[in-house]
$ cat upload.pdb   # PDB, C-alpha atoms (C1' of nucleotides)
ATOM      1  CA  MET C   9      23.254  27.704 -25.067
ATOM      2  CA  GLY C  10      26.200  28.373 -27.307
ATOM      3  CA  ARG C  11      28.505  29.166 -24.429
ATOM      4  CA  PHE C  12      28.103  25.706 -22.930
ATOM      5  CA  ARG C  13      30.635  23.104 -23.967
ATOM      6  CA  THR C  14      30.264  19.330 -23.979
ATOM      7  CA  LEU C  15      32.429  17.769 -21.283
ATOM      8  CA  PRO C  16      35.227  15.583 -22.713
ATOM      9  CA  GLN C  17      35.633  11.910 -22.005
ATOM     10  CA  SER C  18      38.498  12.718 -19.612
ATOM     11  CA  PHE C  19      35.927  14.297 -17.261
ATOM     12  CA  TYR C  20      34.586  10.830 -16.534
ATOM     13  CA  ARG C  21      37.873   8.992 -16.235
ATOM     14  CA  ARG C  22      38.189   9.796 -12.546
ATOM     15  CA  PRO C  23      36.900   8.217  -9.309
ATOM     16  CA  ALA C  24      33.096   8.021  -9.229
ATOM     17  CA  GLU C  25      32.681  10.159  -6.108
ATOM     18  CA  LEU C  26      34.599  13.029  -7.736
ATOM     19  CA  VAL C  27      32.584  12.785 -10.929
ATOM     20  CA  ALA C  28      29.322  12.625  -8.963
ATOM     21  CA  ARG C  29      30.176  15.824  -7.116
ATOM     22  CA  ASP C  30      31.358  17.520 -10.296
ATOM     23  CA  LEU C  31      28.202  16.629 -12.250
ATOM     24  CA  LEU C  32      26.049  18.795  -9.981
ATOM     25  CA  GLY C  33      24.895  21.876 -11.892
ATOM     26  CA  ARG C  34      25.956  20.517 -15.288
ATOM     27  CA  TYR C  35      23.484  20.382 -18.146
ATOM     28  CA  LEU C  36      22.138  17.093 -19.474
ATOM     29  CA  VAL C  37      21.201  17.726 -23.102
ATOM     30  CA  ARG C  38      18.932  15.424 -25.101
ATOM     31  CA  ASP C  39      18.495  15.976 -28.830
ATOM     32  CA  LEU C  40      15.378  14.440 -30.279
ATOM     33  CA  ASP C  41      13.763  14.781 -33.670
ATOM     34  CA  GLY C  42      13.751  18.542 -34.085
ATOM     35  CA  SER C  43      13.663  19.416 -30.396
ATOM     36  CA  ARG C  44      16.121  19.785 -27.594
ATOM     37  CA  LEU C  45      15.584  19.022 -23.931
ATOM     38  CA  VAL C  46      17.876  20.369 -21.222
ATOM     39  CA  LEU C  47      17.967  19.386 -17.562
ATOM     40  CA  ARG C  48      20.310  20.875 -15.004
ATOM     41  CA  ILE C  49      21.611  18.028 -12.825
ATOM     42  CA  VAL C  50      20.798  18.566  -9.119
ATOM     43  CA  GLU C  51      21.238  15.093  -7.582
ATOM     44  CA  THR C  52      23.687  12.227  -8.190
ATOM     45  CA  GLU C  53      24.950   9.080  -6.505
ATOM     46  CA  ALA C  54      28.306   7.354  -6.904
ATOM     47  CA  TYR C  55      28.568   3.548  -7.139
ATOM     48  CA  LEU C  56      32.122   2.424  -6.629
ATOM     49  CA  GLY C  57      32.330  -1.017  -8.237
ATOM     50  CA  ALA C  58      33.382  -4.426  -6.934
ATOM     51  CA  GLU C  59      33.952  -3.317  -3.314
ATOM     52  CA  ASP C  60      30.576  -1.547  -3.090
ATOM     53  CA  ARG C  61      27.774  -3.885  -2.080
ATOM     54  CA  ALA C  62      25.171  -1.472  -3.477
ATOM     55  CA  SER C  63      26.773  -1.533  -6.927
ATOM     56  CA  HIS C  64      25.623  -3.781  -9.742
ATOM     57  CA  ALA C  65      29.317  -4.596 -10.113
ATOM     58  CA  TRP C  66      29.615  -5.830  -6.524
ATOM     59  CA  GLY C  67      32.094  -8.681  -6.235
ATOM     60  CA  GLY C  68      32.951  -8.233  -9.903
ATOM     61  CA  ARG C  69      29.539  -9.496 -11.033
ATOM     62  CA  ARG C  70      29.318  -9.239 -14.758
ATOM     63  CA  THR C  71      26.148 -10.105 -16.625
ATOM     64  CA  ARG C  72      24.641  -9.113 -19.921
ATOM     65  CA  ARG C  73      22.817  -6.301 -18.168
ATOM     66  CA  THR C  74      25.859  -4.915 -16.379
ATOM     67  CA  SER C  75      28.450  -5.287 -19.121
ATOM     68  CA  ALA C  76      28.284  -1.575 -19.978
ATOM     69  CA  LEU C  77      29.472  -0.787 -16.437
ATOM     70  CA  PHE C  78      32.864  -2.278 -17.197
ATOM     71  CA  ARG C  79      33.696   0.038 -20.059
ATOM     72  CA  ASP C  80      35.954   3.043 -19.656
ATOM     73  CA  GLY C  81      34.481   6.287 -18.338
ATOM     74  CA  GLY C  82      32.219   8.491 -20.435
ATOM     75  CA  PHE C  83      29.595   6.021 -21.632
ATOM     76  CA  ALA C  84      25.995   5.603 -20.537
ATOM     77  CA  TYR C  85      24.861   2.641 -18.458
ATOM     78  CA  VAL C  86      21.067   2.473 -18.771
ATOM     79  CA  TYR C  87      19.203  -0.352 -17.078
ATOM     80  CA  LEU C  88      15.610  -1.354 -16.429
ATOM     81  CA  ILE C  89      14.485  -1.402 -12.812
ATOM     82  CA  TYR C  90      11.383  -3.038 -11.363
ATOM     83  CA  GLY C  91      10.517  -4.053 -14.894
ATOM     84  CA  MET C  92       9.064  -0.592 -15.463
ATOM     85  CA  TYR C  93      11.535   2.264 -15.307
ATOM     86  CA  HIS C  94      14.967   3.082 -16.612
ATOM     87  CA  CYS C  95      17.924   4.547 -14.724
ATOM     88  CA  LEU C  96      20.724   6.571 -16.338
ATOM     89  CA  ASN C  97      24.322   6.256 -15.160
ATOM     90  CA  ALA C  98      27.576   7.758 -16.385
ATOM     91  CA  VAL C  99      30.323   5.135 -16.325
ATOM     92  CA  THR C 100      33.446   6.477 -14.586
ATOM     93  CA  GLY C 101      37.110   5.584 -14.195
ATOM     94  CA  ASP C 102      38.862   3.078 -16.420
ATOM     95  CA  GLU C 103      37.889  -0.124 -18.159
ATOM     96  CA  GLU C 104      37.004  -2.952 -15.752
ATOM     97  CA  ASP C 105      36.427  -0.602 -12.776
ATOM     98  CA  GLY C 106      32.669  -1.177 -12.808
ATOM     99  CA  ALA C 107      32.114   2.283 -11.298
ATOM    100  CA  ALA C 108      29.424   4.758 -12.284
ATOM    101  CA  VAL C 109      27.321   7.734 -11.262
ATOM    102  CA  LEU C 110      23.533   7.509 -11.139
ATOM    103  CA  ILE C 111      21.843  10.697 -12.340
ATOM    104  CA  ARG C 112      18.923  10.979  -9.918
ATOM    105  CA  ALA C 113      17.278  14.363 -10.538
ATOM    106  CA  GLY C 114      17.344  17.525 -12.619
ATOM    107  CA  GLU C 115      15.523  20.791 -13.137
ATOM    108  CA  ALA C 116      14.122  21.567 -16.588
ATOM    109  CA  LEU C 117      15.731  24.467 -18.433
ATOM    110  CA  GLU C 118      14.462  23.787 -21.960
ATOM    111  CA  GLY C 119      11.659  21.655 -23.351
ATOM    112  CA  ALA C 120       9.596  21.338 -20.181
ATOM    113  CA  ALA C 121       6.383  21.018 -22.208
ATOM    114  CA  LEU C 122       7.728  18.024 -24.132
ATOM    115  CA  MET C 123       9.085  16.474 -20.951
ATOM    116  CA  LYS C 124       5.635  16.753 -19.453
ATOM    117  CA  THR C 125       4.253  14.871 -22.450
ATOM    118  CA  HIS C 126       6.864  12.142 -22.042
ATOM    119  CA  ARG C 127       5.919  11.848 -18.374
ATOM    120  CA  SER C 128       2.202  11.573 -19.224
ATOM    121  CA  LEU C 129       1.400  14.082 -16.521
ATOM    122  CA  ILE C 130      -2.234  15.086 -16.258
ATOM    123  CA  ARG C 131      -1.884  17.940 -13.826
ATOM    124  CA  GLU C 132       0.559  20.795 -13.831
ATOM    125  CA  PRO C 133       3.750  19.311 -12.355
ATOM    126  CA  ARG C 134       4.652  20.199  -8.798
ATOM    127  CA  PRO C 135       8.333  20.476  -7.851
ATOM    128  CA  GLY C 136       9.988  17.094  -8.328
ATOM    129  CA  ASP C 137       7.254  15.660 -10.554
ATOM    130  CA  LEU C 138       8.993  16.229 -13.871
ATOM    131  CA  ALA C 139      12.469  14.796 -13.264
ATOM    132  CA  GLY C 140      12.804  14.458  -9.489
ATOM    133  CA  GLY C 141      13.901  10.826  -9.430
ATOM    134  CA  PRO C 142      15.945   8.512 -11.658
ATOM    135  CA  GLY C 143      12.921   6.894 -13.318
ATOM    136  CA  LYS C 144      11.151  10.189 -13.880
ATOM    137  CA  LEU C 145      14.292  11.750 -15.302
ATOM    138  CA  CYS C 146      14.631   9.013 -17.913
ATOM    139  CA  GLN C 147      10.952   9.263 -18.843
ATOM    140  CA  ALA C 148      11.194  13.042 -19.192
ATOM    141  CA  LEU C 149      14.165  12.777 -21.555
ATOM    142  CA  ALA C 150      12.886   9.703 -23.428
ATOM    143  CA  ILE C 151      15.871   7.641 -22.304
ATOM    144  CA  ASP C 152      15.605   3.860 -22.543
ATOM    145  CA  GLY C 153      17.801   0.841 -23.175
ATOM    146  CA  GLY C 154      18.533   2.041 -26.682
ATOM    147  CA  LEU C 155      20.943   4.557 -25.170
ATOM    148  CA  ASN C 156      22.836   1.973 -23.133
ATOM    149  CA  ARG C 157      26.541   2.021 -24.074
ATOM    150  CA  THR C 158      26.289   5.305 -25.972
ATOM    151  CA  PRO C 159      28.838   8.070 -25.275
ATOM    152  CA  LEU C 160      27.950  11.090 -23.143
ATOM    153  CA  PHE C 161      30.751  13.198 -24.612
ATOM    154  CA  GLU C 162      29.141  13.321 -28.071
ATOM    155  CA  GLY C 163      25.872  12.339 -29.732
ATOM    156  CA  SER C 164      22.189  12.800 -28.917
ATOM    157  CA  LEU C 165      22.589  12.550 -25.131
ATOM    158  CA  ARG C 166      25.445  14.493 -23.585
ATOM    159  CA  VAL C 167      26.564  16.544 -20.610
ATOM    160  CA  THR C 168      27.845  20.099 -20.894
ATOM    161  CA  THR C 169      29.256  22.765 -18.657
ATOM    162  CA  GLY C 170      26.495  24.591 -16.819
ATOM    163  CA  ARG C 171      25.762  26.614 -13.742
ATOM    164  CA  GLU C 172      27.874  24.782 -11.230
ATOM    165  CA  VAL C 173      27.413  24.466  -7.486
ATOM    166  CA  ALA C 174      29.840  25.792  -4.845
ATOM    167  CA  ASP C 175      30.894  23.450  -2.040
ATOM    168  CA  SER C 176      28.730  25.425   0.391
ATOM    169  CA  GLY C 177      25.677  24.554  -1.745
ATOM    170  CA  VAL C 178      26.240  20.791  -1.787
ATOM    171  CA  SER C 179      24.556  18.332   0.564
ATOM    172  CA  ILE C 180      26.284  14.951   0.977
ATOM    173  CA  GLY C 181      24.582  11.923   2.526
ATOM    174  CA  PRO C 182      23.844   8.205   2.235
ATOM    175  CA  ARG C 183      22.371   6.792  -0.967
ATOM    176  CA  VAL C 184      18.686   6.058  -1.476
ATOM    177  CA  GLY C 185      17.070   2.618  -1.479
ATOM    178  CA  ILE C 186      20.102   0.461  -0.667
ATOM    179  CA  ASP C 187      19.460  -0.535   2.951
ATOM    180  CA  TYR C 188      20.501  -4.087   2.098
ATOM    181  CA  ALA C 189      24.078  -2.996   1.331
ATOM    182  CA  GLY C 190      25.595  -3.436   4.821
ATOM    183  CA  GLU C 191      28.300  -0.924   5.687
ATOM    184  CA  ALA C 192      28.100   0.588   2.222
ATOM    185  CA  ALA C 193      24.562   1.769   2.965
ATOM    186  CA  ALA C 194      26.014   4.533   5.156
ATOM    187  CA  TRP C 195      28.749   5.693   2.795
ATOM    188  CA  PRO C 196      28.344   9.415   1.924
ATOM    189  CA  LEU C 197      27.970   9.024  -1.826
ATOM    190  CA  ARG C 198      24.756  10.942  -2.560
ATOM    191  CA  PHE C 199      25.245  14.511  -3.735
ATOM    192  CA  CYS C 200      22.424  17.079  -3.900
ATOM    193  CA  GLU C 201      22.145  20.770  -4.509
ATOM    194  CA  LEU C 202      21.122  22.120  -1.123
ATOM    195  CA  GLY C 203      17.587  23.469  -1.058
ATOM    196  CA  ASN C 204      16.737  22.581  -4.654
ATOM    197  CA  ARG C 205      13.049  21.694  -4.979
ATOM    198  CA  GLU C 206      13.649  19.079  -7.690
ATOM    199  CA  VAL C 207      15.783  16.826  -5.477
ATOM    200  CA  SER C 208      14.069  13.475  -4.858
ATOM    201  CA  ARG C 209      12.900  11.957  -1.568
ATOM    202  CA  PRO C 210      14.114  11.664   1.050
ATOM    203  CA  ARG C 211      15.149  15.279   0.851
ATOM    204  CA  PRO C 212      18.377  16.048   2.739
TER     205      PRO C 212
ATOM    206  C1'  DC R   7      13.029 -24.394 -11.634
ATOM    207  C1'  DG R   8      10.302 -21.354  -8.493
ATOM    208  C1'  DG R   9      10.386 -17.523  -5.521
ATOM    209  C1'  DA R  10      12.108 -13.200  -4.009
ATOM    210  C1'  DA R  11      14.048  -8.747  -4.245
ATOM    211  C1'  DG R  12      15.488  -4.776  -6.538
ATOM    212  C1'  DA R  13      19.750   2.155  -7.406
ATOM    213  C1'  DT R  14      11.054   3.142  -8.746
ATOM    214  C1'  DC R  15       6.801   5.372  -9.271
ATOM    215  C1'  DC R  16       1.806   5.898  -8.972
ATOM    216  C1'  DA R  17      -2.899   5.365  -7.320
ATOM    217  C1'  DC R  18      -5.421   4.742  -3.520
ATOM    218  C1'  DT R  19      -6.707   4.800   1.567
TER     219       DT R  19
ATOM    220  C1'  DG L   9       1.454   4.432   4.454
ATOM    221  C1'  DT L  10       0.463   0.340   1.396
ATOM    222  C1'  DG L  11       0.332  -2.476  -2.660
ATOM    223  C1'  DG L  12       0.725  -3.305  -7.588
ATOM    224  C1'  DA L  13       3.070  -3.139 -12.115
ATOM    225  C1'  DT L  14       6.624  -6.102 -14.501
ATOM    226  C1'  DC L  15      11.626  -7.742 -15.955
ATOM    227  C1'  DT L  16      16.427  -9.170 -14.686
ATOM    228  C1'  DT L  17      19.140 -11.538 -11.658
ATOM    229  C1'  DC L  18      20.195 -14.340  -7.715
ATOM    230  C1'  DC L  19      19.663 -18.184  -4.613
ATOM    231  C1'  DG L  20      18.034 -22.377  -2.653
ATOM    232  C1'  DA L  21      15.803 -26.917  -3.576
TER     233       DA L  21
END
$ encode --input "upload.pdb" --output "structure tokens"
Amino acid sequence: MGRFRTLPQSFYRRPAELVARDLLGRYLVRDLDGSRLVLRIVETEAYLGAEDRASHAWGGRRTRRTSALFRDGGFAYVYLIYGMYHCLNAVTGDEEDGAAVLIRAGEALEGAALMKTHRSLIREPRPGDLAGGPGKLCQALAIDGGLNRTPLFEGSLRVTTGREVADSGVSIGPRVGIDYAGEAAAWPLRFCELGNREVSRPRP
DNA sequence: CGGAAGATCCACT
DNA sequence: GTGGATCTTCCGA
């Protein structure tokens, strides 16, 4: 893994849709006590901020939960959903933008056995079981609210260069689970690696 | 202040 | 395909 370099904060200080596209194929590295977990990112979604009805920052909403969204790019926004699961975002752009990229799915490159333990899987995982969804991905990497507001360009959770995806291998479509968002529900802000078995449902 | 819905997942039918 | 788990936030009374 020595040839992979941690992406600098400047990587994130761009529009969310560019960062979302550019995160495909990058490696999400999680250092725990004595072990390292690595997921290759295969699915992301961009959330644009105040003008995006699907975003937690819609209309400039700012609560205790969403305050991390309004930092400058490069930090993690981790929130609890349905009272049960966590979702990992990379904040993008500049301070006050409220924009971010949701990391929705990855394929395990290192530490799959430990990820399986974190996921409490009984059976041998089928494609998509280990980290094929935002909640599963956080469980697999032991990500919870303790990592909210932490940097992704240094520290125990970070993103590195990886095996990137050519434009011909990218599928772009509407985001998942935001039917309530009016016109924004149709915006093409979900990015997947075409044909990858770890991409979550609905598969493009 | 109560109810509902949510960037989800799992077990069960 | 359906419903339950369980917490934050929003909205109407």
$ resolve_selection --input "upload.pdb" --expression "the PyMOL selection byres ((chain L) within 8 of (chain C))" --output "mmCIF file with C-alpha atoms (C1' of nucleotides), keeping the file's coordinate frame"
data_model
loop_
_atom_site.group_PDB
_atom_site.id
_atom_site.type_symbol
_atom_site.label_atom_id
_atom_site.label_comp_id
_atom_site.auth_asym_id
_atom_site.auth_seq_id
_atom_site.Cartn_x
_atom_site.Cartn_y
_atom_site.Cartn_z
ATOM 1 C "C1'" DA L 13 3.070 -3.139 -12.115
ATOM 2 C "C1'" DT L 14 6.624 -6.102 -14.501
ATOM 3 C "C1'" DC L 15 11.626 -7.742 -15.955
ATOM 4 C "C1'" DT L 16 16.427 -9.170 -14.686
#
$ closest_atom_pairs --input "upload.pdb" --of "chain C" --to "chain R" --cutoff "8 Å" --atoms "only C-alpha atoms (C1' of nucleotides)" --output "JSON lines"
{"residue": "C:Ala62", "atom": "CA", "partner": "R:DA13", "partner_atom": "C1'", "distance": 7.6}
{"residue": "C:Ser63", "atom": "CA", "partner": "R:DA13", "partner_atom": "C1'", "distance": 7.9}
{"residue": "C:Ile89", "atom": "CA", "partner": "R:DT14", "partner_atom": "C1'", "distance": 7.0}
{"residue": "C:Tyr90", "atom": "CA", "partner": "R:DG12", "partner_atom": "C1'", "distance": 6.6}
{"residue": "C:Met92", "atom": "CA", "partner": "R:DT14", "partner_atom": "C1'", "distance": 7.9}
{"residue": "C:Tyr93", "atom": "CA", "partner": "R:DT14", "partner_atom": "C1'", "distance": 6.6}
{"residue": "C:Cys95", "atom": "CA", "partner": "R:DA13", "partner_atom": "C1'", "distance": 7.9}
{"residue": "C:Leu110", "atom": "CA", "partner": "R:DA13", "partner_atom": "C1'", "distance": 7.5}
{"residue": "C:Pro142", "atom": "CA", "partner": "R:DT14", "partner_atom": "C1'", "distance": 7.8}
{"residue": "C:Gly143", "atom": "CA", "partner": "R:DT14", "partner_atom": "C1'", "distance": 6.2}
{"residue": "C:Lys144", "atom": "CA", "partner": "R:DC15", "partner_atom": "C1'", "distance": 8.0}
{"residue": "C:Val184", "atom": "CA", "partner": "R:DA13", "partner_atom": "C1'", "distance": 7.2}
{"residue": "C:Gly185", "atom": "CA", "partner": "R:DA13", "partner_atom": "C1'", "distance": 6.5}
{"residue": "C:Ile186", "atom": "CA", "partner": "R:DA13", "partner_atom": "C1'", "distance": 7.0}
$ write_last_selection --input "upload.pdb" --atoms "C-alpha atoms" --output "tab-separated table (two decimals), in the coordinates of the input"
chain	number	residue	atom	x	y	z
C	62	ALA	CA	25.17	-1.47	-3.48
C	63	SER	CA	26.77	-1.53	-6.93
C	89	ILE	CA	14.48	-1.40	-12.81
C	90	TYR	CA	11.38	-3.04	-11.36
C	92	MET	CA	9.06	-0.59	-15.46
C	93	TYR	CA	11.54	2.26	-15.31
C	95	CYS	CA	17.92	4.55	-14.72
C	110	LEU	CA	23.53	7.51	-11.14
C	142	PRO	CA	15.94	8.51	-11.66
C	143	GLY	CA	12.92	6.89	-13.32
C	144	LYS	CA	11.15	10.19	-13.88
C	184	VAL	CA	18.69	6.06	-1.48
C	185	GLY	CA	17.07	2.62	-1.48
C	186	ILE	CA	20.10	0.46	-0.67
$ atom_distance --input "upload.pdb" --atom1 "atom CA of Gln147 of chain C" --atom2 "atom CA of Leu40 of chain C"
13.3 Å
$ residues_around --input "upload.pdb" --residues "segment 204-206 of chain C" --least-positions-apart "5" --cutoff "9 Å" --atoms "all atoms listed in the file" --output "mmCIF file with C-alpha atoms, in the frame of the given file"
data_model
loop_
_atom_site.group_PDB
_atom_site.id
_atom_site.type_symbol
_atom_site.label_atom_id
_atom_site.label_comp_id
_atom_site.auth_asym_id
_atom_site.auth_seq_id
_atom_site.Cartn_x
_atom_site.Cartn_y
_atom_site.Cartn_z
ATOM 1 C CA VAL C 50 20.798 18.566 -9.119
ATOM 2 C CA GLU C 51 21.238 15.093 -7.582
ATOM 3 C CA ALA C 113 17.278 14.363 -10.538
ATOM 4 C CA GLY C 114 17.344 17.525 -12.619
ATOM 5 C CA GLU C 115 15.523 20.791 -13.137
ATOM 6 C CA PRO C 135 8.333 20.476 -7.851
ATOM 7 C CA GLY C 136 9.988 17.094 -8.328
ATOM 8 C CA ASP C 137 7.254 15.660 -10.554
ATOM 9 C CA LEU C 138 8.993 16.229 -13.871
ATOM 10 C CA ALA C 139 12.469 14.796 -13.264
ATOM 11 C CA GLY C 140 12.804 14.458 -9.489
ATOM 12 C CA GLY C 141 13.901 10.826 -9.430
ATOM 13 C CA ARG C 211 15.149 15.279 0.851
#
$ atom_distance --input "upload.pdb" --atom1 "atom CA of Glu162 of chain C" --atom2 "atom CA of Glu25 of chain C"
22.5 Å
$ atom_distance --input "upload.pdb" --atom1 "atom CA of His64 of chain C" --atom2 "atom CA of Leu165 of chain C"
22.6 Å
$ closest_residue --input "upload.pdb" --among "C:Val27, C:Ala121, C:Val99, C:Ala65" --to "Thr158 of chain C" --atoms "all atoms listed in the file"
C:Val99
$ resolve_selection --input "upload.pdb" --expression "the PyMOL selection byres ((chain C and resi 168) around 7)" --output "compact mmCIF listing (two decimals) with C-alpha atoms, in the frame of the given file"
# COMPACT_ATOMS: atom_id res chain seq x y z
CA PHE C 12 28.10 25.71 -22.93
CA ARG C 13 30.64 23.10 -23.97
CA THR C 14 30.26 19.33 -23.98
CA LEU C 15 32.43 17.77 -21.28
CA ARG C 34 25.96 20.52 -15.29
CA TYR C 35 23.48 20.38 -18.15
CA LEU C 36 22.14 17.09 -19.47
CA ARG C 166 25.44 14.49 -23.58
CA VAL C 167 26.56 16.54 -20.61
CA THR C 169 29.26 22.76 -18.66
CA GLY C 170 26.50 24.59 -16.82
